[in-house]
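Data from structure01.tsv: TSV, C-alpha atoms
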```tsv
chain	number	residue	atom	x	y	z
A	18	VAL	CA	153.56	157.52	124.83
A	19	PHE	CA	157.03	156.46	123.62
A	20	GLY	CA	159.70	157.31	126.13
A	21	LYS	CA	157.22	158.21	128.89
A	22	ASP	CA	156.91	156.51	132.27
A	23	LEU	CA	153.94	154.13	131.99
A	24	VAL	CA	153.04	154.15	135.67
A	25	ASP	CA	153.54	157.87	136.35
A	26	GLU	CA	151.74	159.01	133.22
A	27	TYR	CA	148.89	156.55	132.66
A	28	ILE	CA	148.01	154.90	135.97
A	29	SER	CA	145.85	156.67	138.53
A	30	ASP	CA	147.28	157.48	141.96
A	31	GLU	CA	145.32	154.80	143.83
A	32	PHE	CA	146.75	151.97	141.70
A	33	ARG	CA	150.19	153.39	140.96
A	34	GLU	CA	152.13	151.54	143.66
A	35	SER	CA	150.55	148.13	143.04
A	36	VAL	CA	151.09	148.34	139.27
A	37	ARG	CA	154.66	149.52	139.78
A	38	GLN	CA	155.24	146.49	142.03
A	39	VAL	CA	153.97	144.08	139.37
A	40	LEU	CA	156.23	145.61	136.74
A	41	ASP	CA	159.21	145.70	139.13
A	42	ASP	CA	158.64	142.03	139.93
A	43	ALA	CA	158.69	141.22	136.22
A	44	LEU	CA	161.91	143.23	135.85
A	45	HIS	CA	163.39	140.88	138.46
A	46	GLY	CA	162.16	137.73	136.73
A	47	GLN	CA	158.94	137.22	138.68
A	48	GLN	CA	156.16	137.19	136.16
A	49	THR	CA	152.50	137.94	136.97
A	50	ASP	CA	149.42	136.53	135.24
A	51	ASN	CA	145.91	137.99	135.15
A	52	TYR	CA	146.62	141.21	136.99
A	53	GLN	CA	143.90	143.81	136.52
A	54	VAL	CA	145.37	147.13	135.46
A	55	PRO	CA	143.28	150.31	135.26
A	56	LEU	CA	144.38	152.66	132.47
A	57	PHE	CA	143.05	156.11	131.63
A	58	THR	CA	142.36	157.19	128.06
A	59	LYS	CA	143.31	160.46	126.42
A	60	HIS	CA	139.78	161.68	127.21
A	61	GLY	CA	139.93	160.69	130.86
A	62	ASP	CA	137.85	157.52	130.60
A	63	ARG	CA	138.94	154.48	132.56
A	64	VAL	CA	139.59	151.15	130.87
A	65	GLU	CA	140.38	147.87	132.58
A	66	VAL	CA	143.05	145.56	131.16
A	67	LEU	CA	143.68	142.02	132.43
A	68	LEU	CA	147.45	141.79	132.12
A	69	ASN	CA	150.12	139.15	131.93
A	70	ALA	CA	153.42	140.86	132.79
A	71	THR	CA	156.23	138.84	131.20
A	72	THR	CA	159.96	139.37	131.68
A	73	ARG	CA	161.80	140.41	128.50
A	74	VAL	CA	165.35	139.22	128.02
A	75	ASP	CA	168.00	139.75	125.35
A	76	ALA	CA	170.03	137.08	123.57
A	77	ALA	CA	172.39	136.83	126.51
A	78	GLY	CA	169.50	136.24	128.95
A	79	THR	CA	169.79	139.67	130.53
A	80	ILE	CA	166.51	141.21	131.62
A	81	VAL	CA	165.91	144.26	129.46
A	82	GLY	CA	162.26	145.05	130.14
A	83	VAL	CA	158.74	143.78	130.47
A	84	VAL	CA	156.13	142.84	127.88
A	85	GLY	CA	152.52	143.17	128.91
A	86	VAL	CA	149.92	141.11	127.07
A	87	GLY	CA	146.43	141.98	128.08
A	88	GLN	CA	142.73	141.74	127.44
A	89	ASP	CA	140.37	144.70	127.55
A	90	ILE	CA	137.80	143.66	130.17
A	91	THR	CA	136.14	147.07	130.57
A	92	ALA	CA	132.86	145.88	129.07
A	93	ILE	CA	132.94	142.70	131.16
A	94	ASN	CA	133.53	144.70	134.34
A	95	ASP	CA	130.79	147.14	133.39
A	96	SER	CA	128.40	144.23	132.84
A	97	GLN	CA	129.37	142.70	136.17
A	98	ALA	CA	128.85	146.03	137.90
A	99	GLU	CA	125.41	146.35	136.29
A	100	LEU	CA	124.53	142.79	137.29
A	101	SER	CA	125.67	143.55	140.82
A	102	ARG	CA	123.52	146.69	140.87
A	103	LEU	CA	120.51	144.77	139.59
A	104	ALA	CA	121.10	142.04	142.17
A	105	ASN	CA	121.25	144.66	144.92
A	106	ASP	CA	118.08	146.30	143.62
A	107	LEU	CA	116.35	142.92	143.52
A	108	GLN	CA	117.46	142.22	147.08
A	109	LEU	CA	116.01	145.57	148.19
A	110	VAL	CA	112.71	144.80	146.43
A	111	ILE	CA	112.54	141.36	148.06
A	112	GLU	CA	113.36	142.77	151.47
A	113	ALA	CA	110.88	145.65	151.29
A	114	ALA	CA	108.05	143.72	149.58
A	115	ASN	CA	104.67	143.67	151.28
A	116	ALA	CA	104.40	139.98	150.39
A	117	PRO	CA	106.08	137.24	152.42
A	118	ILE	CA	109.06	135.90	150.44
A	119	PHE	CA	111.42	133.09	151.40
A	120	GLY	CA	114.05	131.03	149.64
A	121	ILE	CA	115.59	127.62	150.19
A	122	ASN	CA	118.70	126.04	148.73
A	123	ALA	CA	118.86	122.64	147.03
A	124	GLU	CA	118.98	120.94	150.46
A	125	GLY	CA	115.80	122.67	151.60
A	126	ARG	CA	117.57	125.05	153.98
A	127	VAL	CA	116.43	128.65	154.28
A	128	ASN	CA	118.62	131.20	152.50
A	129	GLU	CA	116.09	134.01	151.95
A	130	TRP	CA	113.62	135.46	154.47
A	131	ASN	CA	112.27	138.95	153.97
A	132	ARG	CA	110.88	141.40	156.49
A	133	LYS	CA	107.27	140.40	155.80
A	134	MET	CA	108.08	136.76	156.55
A	135	ALA	CA	109.71	137.88	159.78
A	136	ALA	CA	106.68	140.03	160.64
A	137	ILE	CA	104.05	137.32	160.16
A	138	THR	CA	106.02	134.48	161.76
A	139	GLY	CA	107.97	136.29	164.47
A	140	PHE	CA	111.16	134.53	163.33
A	141	SER	CA	113.97	136.83	162.25
A	142	LYS	CA	116.30	136.13	159.34
A	143	ASP	CA	119.01	135.12	161.81
A	144	ASP	CA	116.59	132.68	163.48
A	145	VAL	CA	115.85	130.75	160.30
A	146	PHE	CA	118.92	130.97	158.07
A	147	GLY	CA	120.43	127.54	157.36
A	148	LYS	CA	117.54	125.64	158.95
A	149	ASP	CA	115.34	123.09	157.19
A	150	LEU	CA	112.12	124.95	156.36
A	151	VAL	CA	109.83	121.92	156.37
A	152	ASP	CA	111.25	120.16	159.43
A	153	GLU	CA	111.40	123.30	161.55
A	154	TYR	CA	108.38	125.40	160.58
A	155	ILE	CA	105.69	123.13	159.09
A	156	SER	CA	103.40	121.04	161.29
A	157	ASP	CA	103.48	117.24	161.05
A	158	GLU	CA	100.16	116.92	159.21
A	159	PHE	CA	101.28	119.13	156.31
A	160	ARG	CA	104.98	118.30	156.27
A	161	GLU	CA	104.91	115.69	153.50
A	162	SER	CA	102.67	117.70	151.16
A	163	VAL	CA	104.73	120.88	151.56
A	164	ARG	CA	107.94	118.93	151.09
A	165	GLN	CA	106.52	117.50	147.86
A	166	VAL	CA	105.70	120.97	146.51
A	167	LEU	CA	109.23	122.18	147.25
A	168	ASP	CA	110.81	119.01	145.85
A	169	ASP	CA	108.77	119.45	142.68
A	170	ALA	CA	110.07	123.01	142.33
A	171	LEU	CA	113.63	121.73	142.87
A	172	HIS	CA	113.01	119.51	139.84
A	173	GLY	CA	111.62	122.33	137.71
A	174	GLN	CA	107.92	121.77	138.34
A	175	GLN	CA	106.57	125.00	139.78
A	176	THR	CA	103.38	125.28	141.84
A	177	ASP	CA	100.99	128.23	142.07
A	178	ASN	CA	98.51	129.08	144.83
A	179	TYR	CA	99.42	126.32	147.24
A	180	GLN	CA	98.23	126.93	150.79
A	181	VAL	CA	101.07	126.50	153.28
A	182	PRO	CA	100.47	126.51	157.04
A	183	LEU	CA	103.37	128.00	159.01
A	184	PHE	CA	103.74	128.25	162.74
A	185	THR	CA	104.90	131.45	164.39
A	186	LYS	CA	107.48	131.83	167.10
A	187	HIS	CA	104.61	131.95	169.61
A	188	GLY	CA	102.93	128.80	168.28
A	189	ASP	CA	100.16	130.51	166.31
A	190	ARG	CA	99.29	129.21	162.86
A	191	VAL	CA	99.44	131.47	159.81
A	192	GLU	CA	98.29	130.54	156.33
A	193	VAL	CA	100.32	131.57	153.30
A	194	LEU	CA	99.09	131.16	149.73
A	195	LEU	CA	102.31	130.28	147.96
A	196	ASN	CA	103.83	130.32	144.50
A	197	ALA	CA	106.89	128.04	144.58
A	198	THR	CA	109.31	129.06	141.82
A	199	THR	CA	112.44	127.24	140.73
A	200	ARG	CA	115.64	129.23	141.27
A	201	VAL	CA	118.50	128.73	138.80
A	202	ASP	CA	122.06	130.04	138.53
A	203	ALA	CA	123.68	131.68	135.51
A	204	ALA	CA	124.35	128.27	133.94
A	205	GLY	CA	120.69	127.27	134.30
A	206	THR	CA	121.38	124.79	137.10
A	207	ILE	CA	118.62	124.54	139.71
A	208	VAL	CA	119.99	125.84	143.00
A	209	GLY	CA	116.87	126.29	145.10
A	210	VAL	CA	113.32	127.56	145.35
A	211	VAL	CA	111.86	131.00	145.91
A	212	GLY	CA	108.46	131.17	147.55
A	213	VAL	CA	106.37	134.30	147.05
A	214	GLY	CA	103.21	134.28	149.06
A	215	GLN	CA	100.22	136.09	150.44
A	216	ASP	CA	99.20	135.97	154.08
A	217	ILE	CA	95.61	134.69	153.93
A	218	THR	CA	95.24	133.98	157.65
A	219	ALA	CA	92.72	136.79	158.11
A	220	ILE	CA	90.77	135.70	155.02
A	221	ASN	CA	90.60	132.11	156.24
A	222	ASP	CA	89.58	133.28	159.72
A	223	SER	CA	86.81	135.39	158.16
A	224	GLN	CA	85.59	132.46	156.08
A	225	ALA	CA	85.59	130.23	159.15
A	226	GLU	CA	83.60	132.87	161.05
A	227	LEU	CA	81.08	133.18	158.21
A	228	SER	CA	80.69	129.41	158.14
A	229	ARG	CA	80.12	129.37	161.91
A	230	LEU	CA	77.50	132.14	161.64
A	231	ALA	CA	75.75	130.28	158.81
A	232	ASN	CA	75.64	127.13	160.93
A	233	ASP	CA	74.31	129.11	163.90
A	234	LEU	CA	71.63	130.66	161.71
A	235	GLN	CA	70.60	127.24	160.47
A	236	LEU	CA	70.28	126.00	164.06
A	237	VAL	CA	68.18	129.06	165.00
A	238	ILE	CA	65.86	128.51	162.02
A	239	GLU	CA	65.51	124.83	162.78
A	240	ALA	CA	64.82	125.32	166.48
A	241	ALA	CA	62.60	128.41	166.18
A	242	ASN	CA	59.12	128.26	167.74
A	243	ALA	CA	57.74	129.96	164.63
A	244	PRO	CA	57.05	128.13	161.38
A	245	ILE	CA	59.74	129.08	158.85
A	246	PHE	CA	60.03	128.02	155.23
A	247	GLY	CA	62.03	129.12	152.21
A	248	ILE	CA	61.80	128.78	148.45
A	249	ASN	CA	64.37	129.21	145.69
A	250	ALA	CA	64.10	131.38	142.58
A	251	GLU	CA	61.93	128.76	140.89
A	252	GLY	CA	59.51	128.69	143.81
A	253	ARG	CA	60.69	125.31	145.07
A	254	VAL	CA	60.95	124.66	148.80
A	255	ASN	CA	64.50	124.78	150.15
A	256	GLU	CA	63.84	125.53	153.80
A	257	TRP	CA	61.30	123.87	156.15
A	258	ASN	CA	61.84	123.99	159.87
A	259	ARG	CA	60.58	121.68	162.58
A	260	LYS	CA	57.70	123.99	163.47
A	261	MET	CA	56.48	123.93	159.84
A	262	ALA	CA	56.69	120.14	159.93
A	263	ALA	CA	54.79	120.04	163.23
A	264	ILE	CA	51.85	122.21	162.13
A	265	THR	CA	51.52	120.77	158.61
A	266	GLY	CA	52.46	117.16	159.17
A	267	PHE	CA	54.83	117.33	156.21
A	268	SER	CA	58.47	116.57	156.98
A	269	LYS	CA	61.41	118.33	155.35
A	270	ASP	CA	62.12	115.18	153.32
```

For this file, write the structure as structure tokens.
Amino acid sequence: VFGKDLVDEYISDEFRESVRQVLDDALHGQQTDNYQVPLFTKHGDRVEVLLNATTRVDAAGTIVGVVGVGQDITAINDSQAELSRLANDLQLVIEAANAPIFGINAEGRVNEWNRKMAAITGFSKDDVFGKDLVDEYISDEFRESVRQVLDDALHGQQTDNYQVPLFTKHGDRVEVLLNATTRVDAAGTIVGVVGVGQDITAINDSQAELSRLANDLQLVIEAANAPIFGINAEGRVNEWNRKMAAITGFSKD
């Protein structure tokens, strides 16, 4: 490399002008700190150097060149690029998940809202971002209990399988079975909560319908004009309708 032009020989075309400017500035006494310089190796690989470009002067104070003191940050940049890729992949997974997923920051304001959440509530990401989840989307009767679950998660105490009632844009109620998970940053500081849920509205509706049918059946048995009784597996009476009581004289009790 001795005697060769650093910029022309070892800097790629896209960065040549900006690197030349940094070195020219240093040659005119204007030093630059922490400038990222891309260099190419003998084998064509790219390395990243974080550079301090310092003016070099002789004994008389005349500028005679530039000294560059740097740090090889190739591995750091590669790690950051990989982390960025993983973060993007995670965002895609969250967005495309078939489970409703939301996130709140430390103030309880929505900062994550995937497509499934939008589908079951009718509220788009733009509708909810920055709004207080509990105040805006939870009914009065459940507000305090839901707030407590989220506050617990903001203090590191996670909750699994908590049933959260949400109201849709059209005023309908949907039920979400929620896992509230603490969200931390790289330093381990709690920065929010991620909620991963399951829409159990249809399940709850089915259970309510089964309960209604069971109650209706009980009324039919009780009011039937035919004597009806039942026994359990041990042969003990567990059903005795009014007609049975009327014809036998024995009450249910």

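For the pair CA of Asp216 (chain A) and CA of Leu195 (chain A), the separation is 8.9 Å.
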
Using only C-alpha atoms, what does the table of region 49-124 of chain A residues within 12 Å of region 131-138 of chain A look like, with each row giving the shortest atom pair and its distance in Å to one decimal, sorted by chain and ascending number, as JSON lines?
```
{"residue": "A:Leu107", "atom": "CA", "partner": "A:Asn131", "partner_atom": "CA", "distance": 11.9}
{"residue": "A:Gln108", "atom": "CA", "partner": "A:Asn131", "partner_atom": "CA", "distance": 9.2}
{"residue": "A:Leu109", "atom": "CA", "partner": "A:Asn131", "partner_atom": "CA", "distance": 9.6}
{"residue": "A:Val110", "atom": "CA", "partner": "A:Asn131", "partner_atom": "CA", "distance": 9.6}
{"residue": "A:Ile111", "atom": "CA", "partner": "A:Asn131", "partner_atom": "CA", "distance": 6.4}
{"residue": "A:Glu112", "atom": "CA", "partner": "A:Asn131", "partner_atom": "CA", "distance": 4.7}
{"residue": "A:Ala113", "atom": "CA", "partner": "A:Arg132", "partner_atom": "CA", "distance": 6.7}
{"residue": "A:Ala114", "atom": "CA", "partner": "A:Lys133", "partner_atom": "CA", "distance": 7.1}
{"residue": "A:Asn115", "atom": "CA", "partner": "A:Lys133", "partner_atom": "CA", "distance": 6.2}
{"residue": "A:Ala116", "atom": "CA", "partner": "A:Lys133", "partner_atom": "CA", "distance": 6.1}
{"residue": "A:Pro117", "atom": "CA", "partner": "A:Met134", "partner_atom": "CA", "distance": 4.6}
{"residue": "A:Ile118", "atom": "CA", "partner": "A:Asn131", "partner_atom": "CA", "distance": 5.7}
{"residue": "A:Phe119", "atom": "CA", "partner": "A:Asn131", "partner_atom": "CA", "distance": 6.5}
{"residue": "A:Gly120", "atom": "CA", "partner": "A:Asn131", "partner_atom": "CA", "distance": 9.2}
```

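Nearest to Val24 (chain A) of all the residues A:Thr49, A:Arg126, A:Val66, A:Val54 is A:Val54, based on all atoms listed in the file.
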
*asked:* I need the residue nearest Val39 (chain A) from this list: A:Val18, A:Val83, A:Ala76, A:Val191. Use only C-alpha atoms for the distance.
replied: A:Val83

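The interatomic distance for the pair CA of Gly266 (chain A) and CA of Glu251 (chain A) works out to 23.6 Å.
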
*Compute the distance from (106.7, 133.8, 165.9) to each atom, counting only C-alpha atoms, keep the residues with any atom at most 12 Å away, and return them as a PyMOL selection string; use the coordinates of the file.*
chain A and resi 134-142+144-145+154+183-191

May I have the residues within 6 Å of region 203-208 of chain A as a PDB file with C-alpha atoms, in the frame of the given file, using all atoms listed in the file and disregarding those fewer than 3 positions away in the same chain?
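Resulting contents of out-v5.pdb:
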```pdb
ATOM      1  CA  ASN A 122     118.700 126.040 148.730  1.00  0.00           C
ATOM      2  CA  ALA A 123     118.860 122.640 147.030  1.00  0.00           C
ATOM      3  CA  ARG A 200     115.640 129.230 141.270  1.00  0.00           C
TER       4      ARG A 200
END
```

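Put simply, CA of Asp168 (chain A) is 12.0 Å away from CA of Val211 (chain A).
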
*A:Val86, A:Leu236, A:Ala231, A:Val127: which is nearest Leu150 (chain A), counting only C-alpha atoms?*
A:Val127

Centre and size of axis-aligned box enclosing region 72-85 of chain A plus 4 Å each side, as AutoDock Vina command-line options:
```
--center_x 162.5 --center_y 140.6 --center_z 127.6 --size_x 27.9 --size_y 16.8 --size_z 16.1
```

*Give me the residues within 10 Å of Gly173 (chain A) as a PyMOL selection string, counting all atoms listed in the file and dropping any in the same chain fewer than 6 places off.*
chain A and resi 167+198-201+207+209-210

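Using all atoms listed in the file, the shortest contact distance between Gln175 (chain A) and any of A:Lys269, A:Thr91, A:Asn196, A:Phe32 is found at A:Asn196.
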
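Proximity of A:Ile238, A:Arg73, A:Glu26, A:Phe246 to Gln47 (chain A), computed with only C-alpha atoms, is greatest for A:Arg73.
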
Taking (144.2, 152.2, 142.4) in the file's coordinates, which residues come within 12 Å, counting all atoms listed in the file, written as a PDB file with C-alpha atoms, keeping the file's coordinate frame?
```pdb
ATOM      1  CA  VAL A  24     153.040 154.150 135.670  1.00  0.00           C
ATOM      2  CA  TYR A  27     148.890 156.550 132.660  1.00  0.00           C
ATOM      3  CA  ILE A  28     148.010 154.900 135.970  1.00  0.00           C
ATOM      4  CA  SER A  29     145.850 156.670 138.530  1.00  0.00           C
ATOM      5  CA  ASP A  30     147.280 157.480 141.960  1.00  0.00           C
ATOM      6  CA  GLU A  31     145.320 154.800 143.830  1.00  0.00           C
ATOM      7  CA  PHE A  32     146.750 151.970 141.700  1.00  0.00           C
ATOM      8  CA  ARG A  33     150.190 153.390 140.960  1.00  0.00           C
ATOM      9  CA  GLU A  34     152.130 151.540 143.660  1.00  0.00           C
ATOM     10  CA  SER A  35     150.550 148.130 143.040  1.00  0.00           C
ATOM     11  CA  VAL A  36     151.090 148.340 139.270  1.00  0.00           C
ATOM     12  CA  ARG A  37     154.660 149.520 139.780  1.00  0.00           C
ATOM     13  CA  GLN A  53     143.900 143.810 136.520  1.00  0.00           C
ATOM     14  CA  VAL A  54     145.370 147.130 135.460  1.00  0.00           C
ATOM     15  CA  PRO A  55     143.280 150.310 135.260  1.00  0.00           C
ATOM     16  CA  LEU A  56     144.380 152.660 132.470  1.00  0.00           C
ATOM     17  CA  PHE A  57     143.050 156.110 131.630  1.00  0.00           C
ATOM     18  CA  ARG A  63     138.940 154.480 132.560  1.00  0.00           C
ATOM     19  CA  GLU A  65     140.380 147.870 132.580  1.00  0.00           C
TER      20      GLU A  65
END
```

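Ranking A:Glu129, A:Val64, A:Ile80, A:Ser268 by their shortest atom-to-atom distance to Gln48 (chain A), with only C-alpha atoms included, puts A:Ile80 first.
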
*Would you kindly return, as a VMD selection string, each protein, DNA or RNA residue with an atom no farther than 7 Å from any atom of Met261 (chain A), considering only C-alpha atoms and excluding same-chain residues fewer than 4 positions away?*
chain A and resid 244 to 245 257 265
